[in-house]
>>> print(open('data.cif').read())   # mmCIF, C-alpha atoms
data_structure
#
loop_
_atom_site.label_atom_id
_atom_site.label_comp_id
_atom_site.auth_asym_id
_atom_site.auth_seq_id
_atom_site.Cartn_x
_atom_site.Cartn_y
_atom_site.Cartn_z
CA MET A 1155 6.74 -28.20 -20.28
CA SER A 1156 7.07 -30.89 -17.65
CA ARG A 1157 7.61 -30.01 -14.03
CA ASN A 1158 11.18 -31.32 -13.98
CA VAL A 1159 12.20 -29.38 -17.07
CA ARG A 1160 10.72 -26.27 -15.53
CA LEU A 1161 12.57 -26.83 -12.24
CA GLY A 1162 15.84 -27.42 -14.09
CA LEU A 1163 15.34 -24.25 -16.08
CA PHE A 1164 14.63 -22.33 -12.86
CA ALA A 1165 17.72 -23.78 -11.16
CA ALA A 1166 19.96 -22.60 -14.02
CA ALA A 1167 18.31 -19.22 -14.47
CA GLY A 1168 17.97 -18.66 -10.72
CA ALA A 1169 21.64 -19.37 -10.10
CA MET A 1170 22.62 -16.89 -12.82
CA LEU A 1171 20.22 -14.27 -11.45
CA ALA A 1172 21.56 -14.82 -7.91
CA ALA A 1173 25.13 -14.38 -9.13
CA LEU A 1174 24.17 -11.22 -11.01
CA LEU A 1175 22.39 -9.79 -7.96
CA VAL A 1176 25.30 -10.50 -5.61
CA TRP A 1177 27.73 -8.99 -8.12
CA GLY A 1178 25.51 -5.91 -8.38
CA PHE A 1179 25.10 -5.58 -4.60
CA THR A 1180 28.86 -5.51 -4.01
CA GLY A 1181 28.88 -2.27 -6.03
CA LEU A 1182 26.23 -0.60 -3.86
CA PRO A 1183 27.21 1.78 -1.05
CA ALA A 1184 28.10 -0.25 2.06
CA PHE A 1185 25.10 -0.89 4.33
CA GLY A 1186 24.60 2.02 6.71
CA ASP A 1187 26.79 4.38 4.73
CA PHE A 1188 24.38 5.83 2.15
CA GLN A 1189 25.42 9.29 1.01
CA GLY A 1190 22.46 10.28 -1.20
CA GLU A 1191 22.57 14.08 -1.29
CA TYR A 1192 18.85 14.43 -1.98
CA GLY A 1193 17.95 12.77 1.31
CA TRP A 1194 20.41 14.87 3.35
CA ILE A 1195 19.12 18.08 1.79
CA LEU A 1196 15.47 17.18 2.39
CA ASN A 1197 16.12 16.21 6.02
CA ASP A 1198 17.64 19.65 6.55
CA ALA A 1199 15.18 21.64 4.47
CA ALA A 1200 11.74 20.12 5.10
CA GLY A 1201 11.48 21.61 8.60
CA HIS A 1202 11.87 25.25 7.65
CA GLU A 1203 10.70 25.05 4.02
CA ARG A 1204 7.45 23.19 4.65
CA HIS A 1205 7.03 23.48 8.46
CA VAL A 1206 6.45 19.71 8.89
CA THR A 1207 8.20 17.34 11.29
CA ASN A 1208 7.72 14.11 9.32
CA VAL A 1209 10.08 14.42 6.34
CA VAL A 1210 8.69 11.28 4.66
CA ALA A 1211 5.24 12.91 4.54
CA SER A 1212 6.74 16.05 2.99
CA VAL A 1213 8.37 13.89 0.29
CA VAL A 1214 5.17 11.97 -0.40
CA PHE A 1215 2.75 14.91 -0.44
CA ASP A 1216 4.97 17.79 -1.54
CA TYR A 1217 8.46 17.31 -2.97
CA ARG A 1218 7.36 14.25 -4.93
CA GLY A 1219 3.63 14.97 -4.75
CA PHE A 1220 3.21 14.39 -8.47
CA ASP A 1221 4.29 10.75 -8.07
CA THR A 1222 1.68 10.34 -5.37
CA LEU A 1223 -0.97 11.66 -7.76
CA GLY A 1224 -0.08 8.75 -10.04
CA GLU A 1225 -0.12 6.36 -7.10
CA GLU A 1226 -3.60 7.57 -6.09
CA PHE A 1227 -4.89 6.86 -9.57
CA ILE A 1228 -3.25 3.43 -9.65
CA LEU A 1229 -5.19 2.61 -6.48
CA PHE A 1230 -8.34 4.11 -7.95
CA ALA A 1231 -7.99 2.17 -11.21
CA ALA A 1232 -7.26 -1.12 -9.42
CA ALA A 1233 -10.30 -0.79 -7.15
CA ILE A 1234 -12.52 0.00 -10.13
CA GLY A 1235 -10.96 -2.92 -12.01
CA VAL A 1236 -11.76 -5.36 -9.20
CA ALA A 1237 -15.32 -4.03 -9.03
CA LEU A 1238 -15.71 -4.46 -12.80
CA LEU A 1239 -14.40 -8.02 -12.69
CA LEU A 1240 -16.37 -9.24 -9.69
CA ARG A 1241 -19.59 -7.27 -9.63
CA GLU A 1242 -22.63 -9.05 -10.93
CA ALA A 1243 -26.31 -8.33 -10.86
CA ARG A 1244 -27.37 -9.78 -7.52
CA ASP A 1245 -30.73 -10.18 -5.97
CA ASP A 1246 -30.51 -8.10 -2.81
CA ARG A 1247 -33.61 -9.67 -1.30
CA GLU A 1248 -31.79 -12.98 -1.11
CA ARG A 1249 -30.63 -13.54 2.44
CA PRO A 1250 -26.84 -13.73 2.66
CA ARG A 1251 -25.16 -16.56 4.51
CA ASP A 1252 -24.62 -14.68 7.73
CA GLU A 1253 -22.84 -17.23 9.87
CA VAL A 1254 -23.19 -16.96 13.62
CA ARG A 1255 -19.81 -17.15 15.30
CA SER A 1256 -18.74 -17.50 18.90
CA ASP A 1257 -19.86 -14.83 21.34
CA ALA A 1258 -16.25 -14.12 22.28
CA VAL A 1259 -15.25 -13.35 18.67
CA ARG A 1260 -18.36 -11.26 18.22
CA ALA A 1261 -17.86 -9.27 21.45
CA VAL A 1262 -14.14 -8.62 20.96
CA GLY A 1263 -14.66 -7.79 17.28
CA LEU A 1264 -17.36 -5.23 18.00
CA MET A 1265 -15.38 -3.75 20.89
CA LEU A 1266 -12.40 -3.20 18.61
CA VAL A 1267 -14.34 -1.41 15.86
CA GLY A 1268 -14.39 1.98 17.59
CA PRO A 1269 -10.77 2.04 18.81
CA THR A 1270 -9.46 0.84 15.43
CA VAL A 1271 -11.28 3.60 13.55
CA VAL A 1272 -10.07 6.19 16.08
CA VAL A 1273 -6.45 5.00 15.78
CA GLY A 1274 -6.78 5.13 11.98
CA LEU A 1275 -8.14 8.67 12.04
CA TYR A 1276 -5.35 9.67 14.44
CA LEU A 1277 -2.75 8.21 12.05
CA VAL A 1278 -4.25 10.16 9.15
CA ALA A 1279 -4.60 13.42 11.07
CA HIS A 1280 -1.05 13.41 12.45
CA GLY A 1281 0.57 11.96 9.33
CA TYR A 1282 2.84 14.96 8.72
CA LEU A 1283 3.86 15.30 12.39
CA THR A 1284 4.56 11.75 13.58
CA PRO A 1285 4.89 8.38 11.80
CA GLY A 1286 1.75 7.66 9.81
CA GLY A 1287 -0.15 9.41 7.06
CA GLY A 1288 -3.09 9.11 4.74
CA PHE A 1289 -2.06 5.76 3.28
CA GLN A 1290 -1.28 3.98 6.53
CA GLY A 1291 -4.17 5.54 8.46
CA GLY A 1292 -6.61 4.87 5.63
CA VAL A 1293 -5.90 1.15 5.81
CA ALA A 1294 -6.41 1.22 9.60
CA VAL A 1295 -9.80 2.97 9.25
CA ALA A 1296 -10.85 0.41 6.65
CA ALA A 1297 -9.74 -2.35 9.03
CA GLY A 1298 -12.18 -0.95 11.59
CA VAL A 1299 -15.03 -1.27 9.10
CA VAL A 1300 -13.94 -4.81 8.19
CA LEU A 1301 -14.00 -5.78 11.89
CA LEU A 1302 -17.78 -5.44 11.65
CA TYR A 1303 -17.65 -8.35 9.23
CA ALA A 1304 -15.18 -10.30 11.38
CA ALA A 1305 -17.60 -9.90 14.28
CA GLY A 1306 -19.99 -11.97 12.24
CA ARG A 1307 -22.30 -9.32 10.93
CA TYR A 1308 -22.16 -9.12 7.20
CA ARG A 1309 -25.30 -7.02 7.09
CA ALA A 1310 -23.86 -4.49 9.54
CA TYR A 1311 -20.71 -4.35 7.42
CA SER A 1312 -22.78 -4.01 4.32
CA ALA A 1313 -24.88 -1.24 5.87
CA ALA A 1314 -21.77 0.62 7.08
CA SER A 1315 -20.27 0.58 3.60
CA PRO A 1316 -23.01 1.18 1.03
CA HIS A 1317 -21.70 0.91 -2.53
CA GLY A 1318 -22.77 4.37 -3.59
CA LEU A 1319 -21.20 6.15 -0.65
CA VAL A 1320 -17.93 4.18 -0.82
CA GLU A 1321 -17.61 4.82 -4.55
CA LEU A 1322 -18.37 8.50 -4.05
CA ALA A 1323 -15.70 8.71 -1.32
CA GLU A 1324 -13.18 6.94 -3.53
CA GLY A 1325 -13.78 9.26 -6.43
CA ALA A 1326 -13.78 12.30 -4.15
CA GLY A 1327 -10.44 11.29 -2.60
CA ALA A 1328 -8.73 10.85 -5.96
CA GLY A 1329 -10.44 13.93 -7.39
CA ALA A 1330 -9.59 16.14 -4.41
CA TYR A 1331 -5.88 15.36 -4.82
CA ALA A 1332 -5.94 16.46 -8.45
CA ALA A 1333 -8.16 19.44 -7.57
CA VAL A 1334 -5.58 20.73 -5.05
CA GLY A 1335 -2.99 20.58 -7.82
CA VAL A 1336 -5.21 22.53 -10.20
CA ALA A 1337 -6.13 25.03 -7.46
CA ALA A 1338 -2.43 25.83 -7.10
CA LEU A 1339 -2.43 26.79 -10.80
CA PHE A 1340 -5.29 29.22 -10.23
CA ALA A 1341 -3.48 30.67 -7.22
CA GLY A 1342 -0.63 31.59 -9.56
CA GLY A 1343 1.72 28.71 -8.72
CA LEU A 1344 2.77 25.53 -10.48
CA PHE A 1345 0.73 22.30 -10.50
CA LEU A 1346 0.69 20.88 -6.94
CA GLU A 1347 2.88 23.73 -5.69
CA ASN A 1348 2.46 24.47 -1.99
CA VAL A 1349 0.69 27.85 -2.12
CA VAL A 1350 -1.17 27.76 1.21
CA GLU A 1351 -0.03 29.46 4.43
CA LEU A 1352 2.50 27.08 6.03
CA GLY A 1353 1.42 27.54 9.65
CA THR A 1354 3.33 26.66 12.81
CA ARG A 1355 5.69 23.73 12.74
CA GLY A 1356 4.70 20.81 14.97
CA THR A 1357 0.98 21.68 15.11
CA LEU A 1358 -1.91 20.26 13.11
CA ALA A 1359 -2.10 23.57 11.22
CA SER A 1360 1.23 23.20 9.44
CA GLY A 1361 2.55 22.14 6.07
CA GLY A 1362 0.31 24.17 3.73
CA THR A 1363 -1.26 21.81 1.19
CA ILE A 1364 0.31 18.72 2.80
CA PRO A 1365 -2.57 18.17 5.31
CA ILE A 1366 -5.15 18.58 2.52
CA LEU A 1367 -3.44 16.08 0.22
CA ASN A 1368 -2.87 13.79 3.20
CA ALA A 1369 -6.59 13.82 4.04
CA ALA A 1370 -7.49 13.22 0.38
CA ALA A 1371 -5.17 10.20 0.32
CA GLY A 1372 -6.69 8.93 3.60
CA LEU A 1373 -10.21 9.14 2.15
CA GLU A 1374 -9.14 7.49 -1.10
CA VAL A 1375 -7.32 4.62 0.61
CA THR A 1376 -10.11 3.96 3.13
CA ALA A 1377 -12.72 3.87 0.40
CA ALA A 1378 -10.58 1.76 -1.95
CA VAL A 1379 -9.79 -0.89 0.69
CA VAL A 1380 -13.41 -1.06 1.85
CA LEU A 1381 -14.56 -1.33 -1.77
CA LEU A 1382 -12.05 -4.08 -2.57
CA LEU A 1383 -13.03 -6.14 0.48
CA HIS A 1384 -16.69 -5.51 -0.24
CA GLU A 1385 -16.37 -7.03 -3.71
CA PHE A 1386 -14.45 -10.07 -2.44
CA LEU A 1387 -16.85 -10.62 0.48
CA GLU A 1388 -19.85 -10.51 -1.83
CA GLU A 1389 -18.26 -13.37 -3.75
CA VAL A 1390 -18.43 -15.42 -0.54
CA MET A 1391 -21.81 -14.17 0.61
CA TYR A 1392 -23.64 -14.61 -2.67
CA PRO A 1393 -21.95 -17.59 -4.34
CA ALA A 1394 -22.84 -17.93 -8.00
CA MET B 63 28.79 -8.37 7.35
CA THR B 64 27.63 -5.34 5.41
CA LEU B 65 26.23 -7.25 2.45
CA LEU B 66 23.68 -9.20 4.52
CA PRO B 67 20.61 -6.90 4.12
CA TYR B 68 21.12 -6.86 0.36
CA LEU B 69 21.46 -10.63 0.29
CA LEU B 70 18.19 -10.87 2.21
CA ALA B 71 16.51 -8.90 -0.61
CA ALA B 72 18.03 -11.26 -3.19
CA TRP B 73 16.89 -14.29 -1.16
CA LEU B 74 13.31 -12.99 -0.90
CA PHE B 75 13.20 -12.33 -4.64
CA LEU B 76 14.53 -15.77 -5.57
CA VAL B 77 12.44 -17.69 -3.05
CA GLY B 78 9.34 -15.87 -4.33
CA LEU B 79 10.32 -16.66 -7.91
CA TYR B 80 10.76 -20.33 -6.97
CA GLY B 81 7.22 -20.27 -5.58
CA VAL B 82 5.86 -18.71 -8.79
CA VAL B 83 7.64 -21.29 -10.97
CA THR B 84 6.50 -24.33 -8.98
CA SER B 85 3.05 -23.07 -7.98
CA ARG B 86 0.09 -25.44 -8.20
CA HIS B 87 -2.51 -22.89 -7.15
CA LEU B 88 -3.07 -19.39 -8.54
CA VAL B 89 -3.73 -17.82 -5.11
CA HIS B 90 -0.40 -19.26 -3.93
CA LEU B 91 1.20 -17.83 -7.08
CA VAL B 92 -0.17 -14.34 -6.37
CA ILE B 93 1.14 -14.46 -2.80
CA CYS B 94 4.57 -15.60 -4.07
CA LEU B 95 4.54 -12.61 -6.39
CA SER B 96 3.99 -10.32 -3.39
CA VAL B 97 6.90 -12.06 -1.61
CA MET B 98 9.05 -11.17 -4.64
CA GLN B 99 7.87 -7.59 -4.40
CA SER B 100 8.72 -7.40 -0.69
CA ALA B 101 12.35 -7.91 -1.76
CA THR B 102 12.17 -4.40 -3.21
CA TYR B 103 11.06 -2.94 0.15
CA VAL B 104 14.00 -4.55 1.91
CA LEU B 105 16.40 -3.38 -0.80
CA LEU B 106 15.12 0.22 -0.79
CA LEU B 107 15.16 0.54 3.00
CA ALA B 108 18.58 -1.14 3.23
CA ILE B 109 20.07 1.29 0.71
CA GLY B 110 18.71 4.34 2.55
CA TYR B 111 19.91 3.24 6.00
CA ARG B 112 22.58 5.27 7.76
CA SER B 113 24.30 3.67 10.76
CA GLY B 114 23.12 5.02 14.08
CA LYS B 115 20.60 7.42 12.56
CA LYS B 116 16.93 7.45 13.41
CA ALA B 117 13.72 7.88 11.42
CA PRO B 118 13.46 11.20 9.51
CA ILE B 119 10.95 12.67 11.93
CA PHE B 120 12.08 15.81 13.70
CA THR B 121 9.54 16.45 16.44
CA ALA B 122 10.20 19.08 19.07
CA GLY B 123 13.46 18.37 20.88
CA VAL B 124 15.12 16.47 18.02
CA PRO B 125 17.69 18.79 16.44
CA VAL B 126 17.91 18.58 12.65
CA LYS B 127 21.71 18.50 12.91
CA VAL B 128 21.49 14.91 14.22
CA GLY B 129 20.56 13.73 10.74
CA ALA B 130 18.43 10.73 9.90
CA VAL B 131 18.09 7.87 7.47
CA ASP B 132 17.17 8.73 3.89
CA PRO B 133 13.52 9.90 3.65
CA VAL B 134 13.28 9.51 -0.14
CA VAL B 135 13.64 5.72 -0.23
CA GLN B 136 11.11 5.46 2.59
CA ALA B 137 8.59 7.45 0.54
CA LEU B 138 9.37 5.23 -2.47
CA THR B 139 8.77 2.14 -0.33
CA LEU B 140 5.39 3.54 0.68
CA THR B 141 4.45 3.90 -2.99
CA ASP B 142 5.79 0.41 -3.63
CA VAL B 143 3.59 -1.12 -0.91
CA VAL B 144 0.46 0.60 -2.22
CA VAL B 145 1.12 -0.52 -5.79
CA SER B 146 1.82 -4.06 -4.59
CA VAL B 147 -1.46 -4.25 -2.66
CA THR B 148 -3.50 -2.98 -5.59
CA GLY B 149 -1.76 -5.43 -7.92
CA VAL B 150 -2.51 -8.34 -5.60
CA ALA B 151 -6.17 -7.30 -5.33
CA LEU B 152 -6.54 -7.13 -9.11
CA LEU B 153 -4.79 -10.47 -9.63
CA LEU B 154 -6.94 -12.17 -6.98
CA ALA B 155 -10.06 -10.85 -8.73
CA LEU B 156 -8.76 -12.43 -11.94
CA VAL B 157 -8.22 -15.71 -10.06
CA VAL B 158 -11.86 -15.64 -8.92
CA GLU B 159 -12.93 -15.15 -12.55
CA ILE B 160 -10.69 -18.00 -13.72
CA TRP B 161 -12.19 -20.28 -11.08
CA LYS B 162 -15.68 -19.43 -12.31
CA ARG B 163 -14.88 -20.01 -15.96
CA ALA B 164 -12.42 -22.91 -15.88
CA GLY B 165 -13.35 -24.63 -12.62
CA THR B 166 -9.69 -24.95 -11.67
CA VAL B 167 -6.93 -22.66 -10.45
CA ASP B 168 -4.04 -25.06 -11.02
CA PRO B 169 -1.86 -23.45 -13.73
CA ASP B 170 -0.87 -26.87 -15.12
CA ARG B 171 -4.46 -28.07 -15.50
CA LEU B 172 -5.47 -24.76 -17.04
CA ARG B 173 -2.98 -25.30 -19.84
CA ARG B 174 -4.25 -28.81 -20.48
CA LYS B 175 -7.78 -27.50 -20.70
CA GLU B 176 -6.83 -25.10 -23.46
CA SER B 177 -5.45 -27.77 -25.78
#
>>> encode(input="data.cif", output="structure tokens")
Amino acid sequence: MSRNVRLGLFAAAGAMLAALLVWGFTGLPAFGDFQGEYGWILNDAAGHERHVTNVVASVVFDYRGFDTLGEEFILFAAAIGVALLLREARDDRERPRDEVRSDAVRAVGLMLVGPTVVVGLYLVAHGYLTPGGGFQGGVAVAAGVVLLYAAGRYRAYSAASPHGLVELAEGAGAGAYAAVGVAALFAGGLFLENVVELGTRGTLASGGTIPILNAAAGLEVTAAVVLLLHEFLEEVMYPA
Amino acid sequence: MTLLPYLLAAWLFLVGLYGVVTSRHLVHLVICLSVMQSATYVLLLAIGYRSGKKAPIFTAGVPVKVGAVDPVVQALTLTDVVVSVTGVALLLALVVEIWKRAGTVDPDRLRRKES
């Protein structure tokens, strides 16, 4: 198909799709006037039912925790898929192309490693109290590890994220989430039911199983992002 | 105008689709796909918005009676972002493989190579 035919086809189909979307949107609730009952109920109930202050976290790790189990395994499968596609037998004795960058980049990069990891851990730890959570915080922690690479030290990055350990952490994060669900069965509840003592609202010891699942997600996300970047960086460092 | 946030979602979707259709580079195509997906974030968050309400986080001092925007669509958006990122990572890995095998990442040239 030539480029012009393709563009013409897109113009026609795109115009129809745009018309359909606009027609559909006029039937949606007016912006700012959403009356979804589920959301109202959860906003009212999450505080005294689950003792958490961040309702979004209670939806992710409790009310719709089963969805998040699926999401965890999507992340897990994708990271493994990337590793399968990109990993090759490499000679580790070969010296990687470790480019020396400017001192300023190196200094600022290294200075930011610690604070970034701390901010990430804070986001994970307080995920069910304030904005944040295992997914967001996990990415921030992984960003701290990646800064080691940005500071021009591939070997330091490589040493800070050994394959075996990262893979173990990834599997442990995904496994722990499922294990909490199964543990609830043994405790006499339903799968992923919140059977732990709920604690005091507004403190770190609140939410029952929510902090545990949150931490498992944080571990899983950190490991998955580090693993993904590791595989892509090795493509650059050890070109075929 | 109350339709504007929804139209923004439609615009993002269509502009991303345009990029996918006219792409000359597979990495560009993958990024366009993630632009299309970001339309779903805008749509979800726009649907769940309630005028004048804040985020659904009730720390000490914020009475629950005040109400907040819908927490369910926000949780769905979170899932959406994670799935999008993993999809992009997997697609980019495929692009690297295509580059190794075919020596090109231009979709048009790839087709010519096949025939």
>>> closest_atom_pairs(input="data.cif", of="stretch 69-132 of chain B", to="stretch 152-159 of chain B", cutoff="9 Å", atoms="only C-alpha atoms", output="Markdown table")
| residue | atom | partner | partner_atom | distance |
| --- | --- | --- | --- | --- |
| B:Leu88 | CA | B:Val157 | CA | 6.5 |
| B:Val89 | CA | B:Leu154 | CA | 6.8 |
| B:Val92 | CA | B:Leu153 | CA | 6.9 |
>>> interface_residues(input="data.cif", of="chain B", to="chain A", cutoff="8 Å", atoms="all atoms listed in the file", output="ChimeraX atom specification")
/B:64-65,67-69,72,76,80,83-84,108-113,118-122,126-127,129-134,136-137,141,144-145,148-149,151-152,155-156,158-159
>>> atom_distance(input="data.cif", atom1="atom CA of A:Val1273", atom2="atom CA of A:Ala1313")
21.8 Å
>>> closest_residue(input="data.cif", among="A:Pro1316, A:Gly1372, A:Gly1343, A:Gly1292", to="A:Ala1330", atoms="all atoms listed in the file")
A:Gly1372
>>> resolve_selection(input="data.cif", expression="the PyMOL selection byres ((chain B and resi 86) around 10)", output="list in words")
Gly81, Val82, Val83, Thr84, Ser85, His87, Leu88, Val89, His90, Leu91, Val167, Asp168, Pro169, Asp170 and Arg171 of chain B
>>> resolve_selection(input="data.cif", expression="the PyMOL selection byres ((chain A and resi 1321) around 10)", output="MDAnalysis selection string")
chainID A and resid 1230 1233:1234 1315:1320 1322:1327 1374 1377:1378 1380:1381
>>> atom_distance(input="data.cif", atom1="atom CA of A:Leu1339", atom2="atom CA of A:Leu1373")
23.2 Å
>>> atom_distance(input="data.cif", atom1="atom CA of A:Leu1275", atom2="atom CA of A:Leu1302")
17.1 Å
>>> resolve_selection(input="data.cif", expression="the PyMOL selection byres ((chain A and resi 1264-1269) around 6)", output="PyMOL selection string")
chain A and resi 1261-1263+1270-1272+1298+1301+1305
>>> closest_residue(input="data.cif", among="B:Ile160, B:Ser146, B:Val135, B:Lys116", to="B:Val104", atoms="only C-alpha atoms")
B:Val135
>>> residues_near_point(input="data.cif", point="(-2.6, 24.1, -8.8)", cutoff="12 Å", atoms="all atoms listed in the file", output="list in words")
Gly1219, Phe1220, Ala1330, Tyr1331, Ala1332, Ala1333, Val1334, Gly1335, Val1336, Ala1337, Ala1338, Leu1339, Phe1340, Ala1341, Gly1342, Gly1343, Leu1344, Phe1345, Leu1346, Glu1347, Asn1348, Val1349, Val1350 and Thr1363 of chain A
>>> build_atoms(input="data.cif", residues="stretch 1252-1271 of chain A", atoms="N, CA and C atoms", output="PDB file, in the coordinates of the input")
ATOM      1  N   ASP A1252     -25.181 -15.455   6.629  1.00  0.00           N
ATOM      2  CA  ASP A1252     -24.620 -14.680   7.730  1.00  0.00           C
ATOM      3  C   ASP A1252     -24.328 -15.632   8.884  1.00  0.00           C
ATOM      4  N   GLU A1253     -23.138 -16.192   8.894  1.00  0.00           N
ATOM      5  CA  GLU A1253     -22.840 -17.230   9.870  1.00  0.00           C
ATOM      6  C   GLU A1253     -22.741 -16.661  11.279  1.00  0.00           C
ATOM      7  N   VAL A1254     -23.309 -17.362  12.227  1.00  0.00           N
ATOM      8  CA  VAL A1254     -23.190 -16.960  13.620  1.00  0.00           C
ATOM      9  C   VAL A1254     -21.886 -17.538  14.162  1.00  0.00           C
ATOM     10  N   ARG A1255     -21.074 -16.666  14.755  1.00  0.00           N
ATOM     11  CA  ARG A1255     -19.810 -17.150  15.300  1.00  0.00           C
ATOM     12  C   ARG A1255     -19.866 -17.125  16.824  1.00  0.00           C
ATOM     13  N   SER A1256     -18.742 -17.430  17.438  1.00  0.00           N
ATOM     14  CA  SER A1256     -18.740 -17.500  18.900  1.00  0.00           C
ATOM     15  C   SER A1256     -18.984 -16.115  19.498  1.00  0.00           C
ATOM     16  N   ASP A1257     -19.580 -16.098  20.670  1.00  0.00           N
ATOM     17  CA  ASP A1257     -19.860 -14.830  21.340  1.00  0.00           C
ATOM     18  C   ASP A1257     -18.601 -14.057  21.620  1.00  0.00           C
ATOM     19  N   ALA A1258     -17.502 -14.802  21.954  1.00  0.00           N
ATOM     20  CA  ALA A1258     -16.250 -14.120  22.280  1.00  0.00           C
ATOM     21  C   ALA A1258     -15.731 -13.342  21.058  1.00  0.00           C
ATOM     22  N   VAL A1259     -15.717 -14.019  19.887  1.00  0.00           N
ATOM     23  CA  VAL A1259     -15.250 -13.350  18.670  1.00  0.00           C
ATOM     24  C   VAL A1259     -16.115 -12.136  18.376  1.00  0.00           C
ATOM     25  N   ARG A1260     -17.433 -12.345  18.518  1.00  0.00           N
ATOM     26  CA  ARG A1260     -18.360 -11.260  18.220  1.00  0.00           C
ATOM     27  C   ARG A1260     -18.137 -10.069  19.155  1.00  0.00           C
ATOM     28  N   ALA A1261     -18.011 -10.345  20.464  1.00  0.00           N
ATOM     29  CA  ALA A1261     -17.860  -9.270  21.450  1.00  0.00           C
ATOM     30  C   ALA A1261     -16.542  -8.518  21.242  1.00  0.00           C
ATOM     31  N   VAL A1262     -15.450  -9.274  21.106  1.00  0.00           N
ATOM     32  CA  VAL A1262     -14.140  -8.620  20.960  1.00  0.00           C
ATOM     33  C   VAL A1262     -14.099  -7.842  19.639  1.00  0.00           C
ATOM     34  N   GLY A1263     -14.645  -8.454  18.581  1.00  0.00           N
ATOM     35  CA  GLY A1263     -14.660  -7.790  17.280  1.00  0.00           C
ATOM     36  C   GLY A1263     -15.384  -6.455  17.354  1.00  0.00           C
ATOM     37  N   LEU A1264     -16.576  -6.468  17.929  1.00  0.00           N
ATOM     38  CA  LEU A1264     -17.360  -5.230  18.000  1.00  0.00           C
ATOM     39  C   LEU A1264     -16.693  -4.193  18.899  1.00  0.00           C
ATOM     40  N   MET A1265     -16.048  -4.696  19.992  1.00  0.00           N
ATOM     41  CA  MET A1265     -15.380  -3.750  20.890  1.00  0.00           C
ATOM     42  C   MET A1265     -14.221  -3.048  20.189  1.00  0.00           C
ATOM     43  N   LEU A1266     -13.590  -3.757  19.244  1.00  0.00           N
ATOM     44  CA  LEU A1266     -12.400  -3.200  18.610  1.00  0.00           C
ATOM     45  C   LEU A1266     -12.728  -2.233  17.464  1.00  0.00           C
ATOM     46  N   VAL A1267     -13.991  -2.247  17.008  1.00  0.00           N
ATOM     47  CA  VAL A1267     -14.340  -1.410  15.860  1.00  0.00           C
ATOM     48  C   VAL A1267     -14.029   0.071  16.143  1.00  0.00           C
ATOM     49  N   GLY A1268     -14.574   0.568  17.249  1.00  0.00           N
ATOM     50  CA  GLY A1268     -14.390   1.980  17.590  1.00  0.00           C
ATOM     51  C   GLY A1268     -12.930   2.370  17.726  1.00  0.00           C
ATOM     52  N   PRO A1269     -12.188   1.682  18.638  1.00  0.00           N
ATOM     53  CA  PRO A1269     -10.770   2.040  18.810  1.00  0.00           C
ATOM     54  C   PRO A1269      -9.973   1.972  17.519  1.00  0.00           C
ATOM     55  N   THR A1270     -10.228   0.966  16.661  1.00  0.00           N
ATOM     56  CA  THR A1270      -9.460   0.840  15.430  1.00  0.00           C
ATOM     57  C   THR A1270      -9.695   2.039  14.516  1.00  0.00           C
ATOM     58  N   VAL A1271     -10.967   2.441  14.408  1.00  0.00           N
ATOM     59  CA  VAL A1271     -11.280   3.600  13.550  1.00  0.00           C
ATOM     60  C   VAL A1271     -10.621   4.852  14.118  1.00  0.00           C
TER      61      VAL A1271
END
